[in-house]
Amino acid sequence: MTVTAIIQARMGSKRLPGKTLMDLAGKPVIMHLVDRTKAARLIDRVIVATSTEVADDILEKTLKNAGVLVFRGAEDDVLNRYAQTVRTLIPGKERTAGSVVRLTADDPLKDPAVMDATIGAFLAERGRWDYVCNNQPPWLPEGQDTEVLSIQALLAADDACDNAYEREHVTPYLYNHPKQFRCHSLHGTPDLSAYRWTLDTAMDMAFFKAVFAQFPNDPMPRMDQILALLERKPEIAALNSQVARSALYRTETGDK
């Protein structure tokens with residue numbers, strides 16, 4: 001089974017405009033995630049899906065100059081953007097049995113091992129699950145969220161979904177329709193969900209800059225290294241601790 005990671009990204013963030021291309025430790029924020037995604041053992045292909053808005057022209061140019069595959073689609077209908085990415089850039093034979101990993105560009109500390117663990121759970125029992133995630137309910141630091149779904153489930157959702165909220169957030173249609181899709185969430189201990197490792201505000205950027213400053217010779221610190229750092233220096237975690245976690249994944253959906 002071919003595994004394609006699709007990173008959704010755009011320049012039009014309301015809380016922190018242009019965050020996707022902001023400099024972080026010498027390279028654009030999005031390139032941290034691109035490089036980490038490429039480092040995951042179980043991912044075969046990486047695509048960035050952005051919008052057709054003029055503001056995203058510079059994002060497309062930057063990514064293509066870095067050799068990254070890019071697709072452009074609807075700004076707000078992100079479910080269709082994903083589906084059109086698949087229909088346009090993934091060969092027909094792969095669409096029959098392939099899978100997609102949904103990632104968001106504002107997570108520059110996402111650990112390749114965490115991505116692999118979620119993908120591995122999806123692949124371990126092929127055909128059992130249509131959708132596997134690691135955040136329902138949250139237990140990892142925000143920013144380690146990974147979702148894996150079959151291409152067939154993605155395309156079926158795009159064909160059937162008529163709810164604007166579900167189309168904007170891509171995957172809720174799947175776990176909101178348990179009779180149609182078989183969904184599973186990984187969970188573990190300890191509970192690390194209080195940590196915030198995602199970029200939405202200036203406080204988040206201050207946090208990321210402080211973290212990367214502690215790893216001047218390591219462009220890709222692992223999750224365990226960062227947790228150890230924050231244990232030693234809780235003042236770094238406090239830099240963005242007041243920013244609320246996204247409400248999207250706060251509730252339990254369970255295995256379906």
# chains A, B, ... in the order shown; residues from 1 in each chain; ligands from 1
>>> residues_around(residues="region 52-69 of chain A", least_positions_apart="2", cutoff="12 Å", atoms="only C-alpha atoms", output="JSON, numbers by chain")
{"A": [4, 5, 6, 7, 8, 9, 10, 11, 12, 13, 17, 18, 19, 20, 21, 22, 27, 28, 29, 30, 31, 32, 33, 34, 35, 37, 38, 45, 46, 47, 48, 49, 50, 71, 72, 73, 74, 75, 76, 77, 78, 81, 85, 88, 89, 90, 105]}
>>> write_last_selection(atoms="N, CA and C atoms", output="CSV table (one decimal), in the first residue's frame")
chain,number,residue,atom,x,y,z
A,4,THR,N,0.7,8.3,1.1
A,4,THR,CA,1.0,9.7,0.6
A,4,THR,C,0.7,10.6,1.8
A,5,ALA,N,1.6,11.4,2.2
A,5,ALA,CA,1.4,12.5,3.2
A,5,ALA,C,0.9,13.7,2.4
A,6,ILE,N,-0.2,14.3,2.8
A,6,ILE,CA,-0.7,15.6,2.3
A,6,ILE,C,-0.7,16.6,3.4
A,7,ILE,N,0.1,17.6,3.2
A,7,ILE,CA,0.2,18.7,4.2
A,7,ILE,C,-0.6,19.9,3.7
A,8,GLN,N,-1.6,20.2,4.5
A,8,GLN,CA,-2.4,21.4,4.1
A,8,GLN,C,-1.7,22.6,4.6
A,9,ALA,N,-1.7,23.7,3.8
A,9,ALA,CA,-1.0,24.9,4.1
A,9,ALA,C,-1.5,26.1,3.4
A,10,ARG,N,-1.5,27.2,4.0
A,10,ARG,CA,-1.8,28.5,3.3
A,10,ARG,C,-1.2,29.6,4.0
A,11,MET,N,-1.2,30.8,3.4
A,11,MET,CA,-0.6,32.0,4.0
A,11,MET,C,-1.7,32.8,4.7
A,12,GLY,N,-2.9,32.5,4.6
A,12,GLY,CA,-4.0,33.4,5.1
A,12,GLY,C,-4.4,33.1,6.5
A,13,SER,N,-3.6,32.7,7.4
A,13,SER,CA,-3.9,32.6,8.8
A,13,SER,C,-4.5,33.8,9.4
A,17,PRO,N,-0.9,35.8,10.3
A,17,PRO,CA,-0.8,35.8,8.9
A,17,PRO,C,0.7,35.5,8.4
A,18,GLY,N,0.8,34.7,7.4
A,18,GLY,CA,2.1,34.4,6.8
A,18,GLY,C,2.9,33.4,7.6
A,19,LYS,N,2.3,32.8,8.6
A,19,LYS,CA,3.1,32.0,9.5
A,19,LYS,C,3.8,30.8,8.8
A,20,THR,N,3.2,30.3,7.7
A,20,THR,CA,3.7,29.1,7.0
A,20,THR,C,5.1,29.4,6.5
A,21,LEU,N,5.5,30.6,6.1
A,21,LEU,CA,6.8,30.9,5.6
A,21,LEU,C,7.7,31.7,6.5
A,22,MET,N,7.2,31.9,7.7
A,22,MET,CA,8.1,32.6,8.7
A,22,MET,C,9.3,31.8,9.0
A,27,LYS,N,15.0,28.3,8.4
A,27,LYS,CA,14.2,27.9,7.3
A,27,LYS,C,12.8,28.1,7.5
A,28,PRO,N,12.0,28.1,6.5
A,28,PRO,CA,10.5,28.4,6.6
A,28,PRO,C,9.9,27.4,7.5
A,29,VAL,N,8.9,27.8,8.3
A,29,VAL,CA,8.2,26.9,9.2
A,29,VAL,C,7.7,25.6,8.5
A,30,ILE,N,7.1,25.7,7.3
A,30,ILE,CA,6.6,24.6,6.6
A,30,ILE,C,7.7,23.6,6.3
A,31,MET,N,8.9,24.0,6.0
A,31,MET,CA,10.0,23.1,5.6
A,31,MET,C,10.4,22.2,6.8
A,32,HIS,N,10.2,22.7,8.0
A,32,HIS,CA,10.5,21.8,9.1
A,32,HIS,C,9.6,20.5,9.0
A,33,LEU,N,8.3,20.8,8.8
A,33,LEU,CA,7.4,19.6,8.7
A,33,LEU,C,7.7,18.8,7.4
A,34,VAL,N,7.9,19.4,6.3
A,34,VAL,CA,8.2,18.7,5.1
A,34,VAL,C,9.4,17.7,5.3
A,35,ASP,N,10.5,18.3,6.0
A,35,ASP,CA,11.7,17.4,6.2
A,35,ASP,C,11.4,16.3,7.2
A,37,THR,N,8.5,14.9,7.7
A,37,THR,CA,7.6,14.0,7.0
A,37,THR,C,8.4,13.1,6.1
A,38,LYS,N,9.3,13.6,5.4
A,38,LYS,CA,10.2,12.8,4.6
A,38,LYS,C,11.0,11.8,5.4
A,45,ARG,N,5.4,9.4,-0.2
A,45,ARG,CA,5.3,10.6,-1.0
A,45,ARG,C,4.8,11.7,-0.2
A,46,VAL,N,5.3,12.9,-0.4
A,46,VAL,CA,4.9,14.1,0.3
A,46,VAL,C,4.4,15.2,-0.6
A,47,ILE,N,3.2,15.6,-0.4
A,47,ILE,CA,2.6,16.7,-1.2
A,47,ILE,C,2.1,17.8,-0.3
A,48,VAL,N,2.3,19.0,-0.7
A,48,VAL,CA,1.7,20.2,0.0
A,48,VAL,C,0.5,20.6,-0.8
A,49,ALA,N,-0.7,20.7,-0.1
A,49,ALA,CA,-1.9,21.1,-0.8
A,49,ALA,C,-2.3,22.5,-0.2
A,50,THR,N,-2.2,23.5,-1.1
A,50,THR,CA,-2.5,24.9,-0.7
A,50,THR,C,-3.7,25.4,-1.5
A,71,PHE,N,0.0,21.0,-4.8
A,71,PHE,CA,-1.3,21.0,-5.5
A,71,PHE,C,-2.0,22.2,-5.0
A,72,ARG,N,-2.8,22.9,-5.8
A,72,ARG,CA,-3.6,24.0,-5.4
A,72,ARG,C,-5.1,23.8,-5.6
A,73,GLY,N,-5.9,24.1,-4.6
A,73,GLY,CA,-7.3,23.8,-4.7
A,73,GLY,C,-8.1,24.9,-3.9
A,74,ALA,N,-9.3,24.5,-3.5
A,74,ALA,CA,-10.2,25.4,-2.8
A,74,ALA,C,-9.6,25.8,-1.5
A,75,GLU,N,-9.9,27.1,-1.1
A,75,GLU,CA,-9.3,27.6,0.1
A,75,GLU,C,-10.1,27.1,1.3
A,76,ASP,N,-11.4,27.1,1.3
A,76,ASP,CA,-12.2,26.8,2.5
A,76,ASP,C,-12.7,25.3,2.4
A,77,ASP,N,-12.9,24.8,1.3
A,77,ASP,CA,-13.3,23.4,1.1
A,77,ASP,C,-12.1,22.5,1.1
A,78,VAL,N,-11.5,22.3,2.3
A,78,VAL,CA,-10.2,21.6,2.3
A,78,VAL,C,-10.4,20.1,2.1
A,81,ARG,N,-10.1,19.9,-1.5
A,81,ARG,CA,-8.7,20.1,-1.8
A,81,ARG,C,-7.9,18.8,-1.7
A,85,THR,N,-6.3,16.7,-4.8
A,85,THR,CA,-4.9,16.4,-4.8
A,85,THR,C,-4.7,14.9,-5.2
A,88,THR,N,-5.7,14.2,-8.8
A,88,THR,CA,-4.8,14.8,-9.8
A,88,THR,C,-3.4,14.2,-9.8
A,89,LEU,N,-2.8,13.9,-8.6
A,89,LEU,CA,-1.4,13.6,-8.5
A,89,LEU,C,-1.1,12.2,-8.1
A,90,ILE,N,-2.1,11.4,-7.8
A,90,ILE,CA,-1.9,10.0,-7.4
A,90,ILE,C,-2.4,9.1,-8.5
A,105,ALA,N,0.5,22.3,8.3
A,105,ALA,CA,1.8,22.9,8.2
A,105,ALA,C,2.3,23.6,9.4
>>> closest_atom_pairs(of="region 74-98 of chain A", to="region 155-165 of chain A", cutoff="9 Å", atoms="only C-alpha atoms", output="tab-separated table")
residue	atom	partner	partner_atom	distance
A:Asp76	CA	A:Ala164	CA	8.6
A:Asp77	CA	A:Ala164	CA	7.5
A:Leu79	CA	A:Asp158	CA	6.2
A:Asn80	CA	A:Asp158	CA	5.9
A:Tyr82	CA	A:Asp158	CA	8.8
A:Ala83	CA	A:Leu155	CA	5.8
A:Gln84	CA	A:Leu155	CA	8.9
A:Val86	CA	A:Leu155	CA	8.5
A:Arg87	CA	A:Leu155	CA	8.8
>>> select_by_dssp(residues="region 34-174 of chain A", states="strand (DSSP E or B)", output="PyMOL selection string")
chain A and resi 45-51+69-73+99-104+131-133+142+147-150
>>> write_last_selection(atoms="C-alpha atoms", output="compact mmCIF listing (two decimals), in the first residue's frame")
# COMPACT_ATOMS: atom_id res chain seq x y z
CA ARG A 45 5.32 10.57 -1.04
CA VAL A 46 4.90 14.11 0.35
CA ILE A 47 2.57 16.69 -1.23
CA VAL A 48 1.67 20.15 0.02
CA ALA A 49 -1.93 21.12 -0.75
CA THR A 50 -2.48 24.87 -0.72
CA SER A 51 -5.19 27.15 -2.07
CA LEU A 69 5.31 18.60 -4.95
CA VAL A 70 2.42 21.11 -4.71
CA PHE A 71 -1.29 21.02 -5.51
CA ARG A 72 -3.61 24.04 -5.38
CA GLY A 73 -7.33 23.85 -4.73
CA SER A 99 -3.79 5.75 1.97
CA VAL A 100 -3.36 9.41 2.88
CA VAL A 101 -1.75 10.93 5.95
CA ARG A 102 -3.33 14.26 6.83
CA LEU A 103 -0.92 16.80 8.32
CA THR A 104 -1.07 20.54 8.95
CA TYR A 131 -9.40 5.95 9.50
CA VAL A 132 -6.81 5.89 12.29
CA CYS A 133 -5.68 8.86 14.37
CA GLU A 142 -0.76 19.34 20.46
CA GLU A 147 -4.48 11.09 10.86
CA VAL A 148 -4.39 8.25 8.33
CA LEU A 149 -7.27 7.35 6.05
CA SER A 150 -7.81 5.21 3.02
>>> closest_residue(among="A:Asn176, A:Ser246, A:Thr96, A:Thr171", to="Arg196 (chain A)", atoms="only C-alpha atoms")
A:Ser246
>>> closest_residue(among="A:Phe212, A:Tyr173, A:Trp139, A:Trp197", to="Ala25 (chain A)", atoms="only C-alpha atoms")
A:Phe212
>>> select_by_dssp(residues="region 105-207 of chain A", states="helix (DSSP H, G or I)", output="NGL selection string")
:A and (112-124 or 151-160 or 164-169 or 172-175 or 202-207)
>>> atom_distance(atom1="CA of Pro141 (chain A)", atom2="CA of Ser193 (chain A)")
4.7 Å
>>> atom_distance(atom1="CA of Lys14 (chain A)", atom2="CA of Thr201 (chain A)")
9.6 Å
>>> residues_around(residues="Ala210 (chain A)", least_positions_apart="4", cutoff="8 Å", atoms="only C-alpha atoms", output="MDAnalysis selection string")
chainID A and resid 206 214 236
>>> write_last_selection(atoms="C-alpha atoms", output="tab-separated table (two decimals), in the first residue's frame")
chain	number	residue	atom	x	y	z
A	206	ALA	CA	8.34	32.51	20.85
A	214	GLN	CA	18.41	24.72	22.66
A	236	ILE	CA	9.98	27.50	27.83
>>> atom_distance(atom1="CA of Leu42 (chain A)", atom2="CA of Pro178 (chain A)")
26.6 Å
>>> closest_residue(among="A:Gln242, A:Gln152, A:Gln144, A:Thr198", to="Met223 (chain A)", atoms="only C-alpha atoms")
A:Gln144
>>> closest_residue(among="A:Pro172, A:Ala213, A:Tyr195, A:Met205", to="Pro234 (chain A)", atoms="only C-alpha atoms")
A:Tyr195
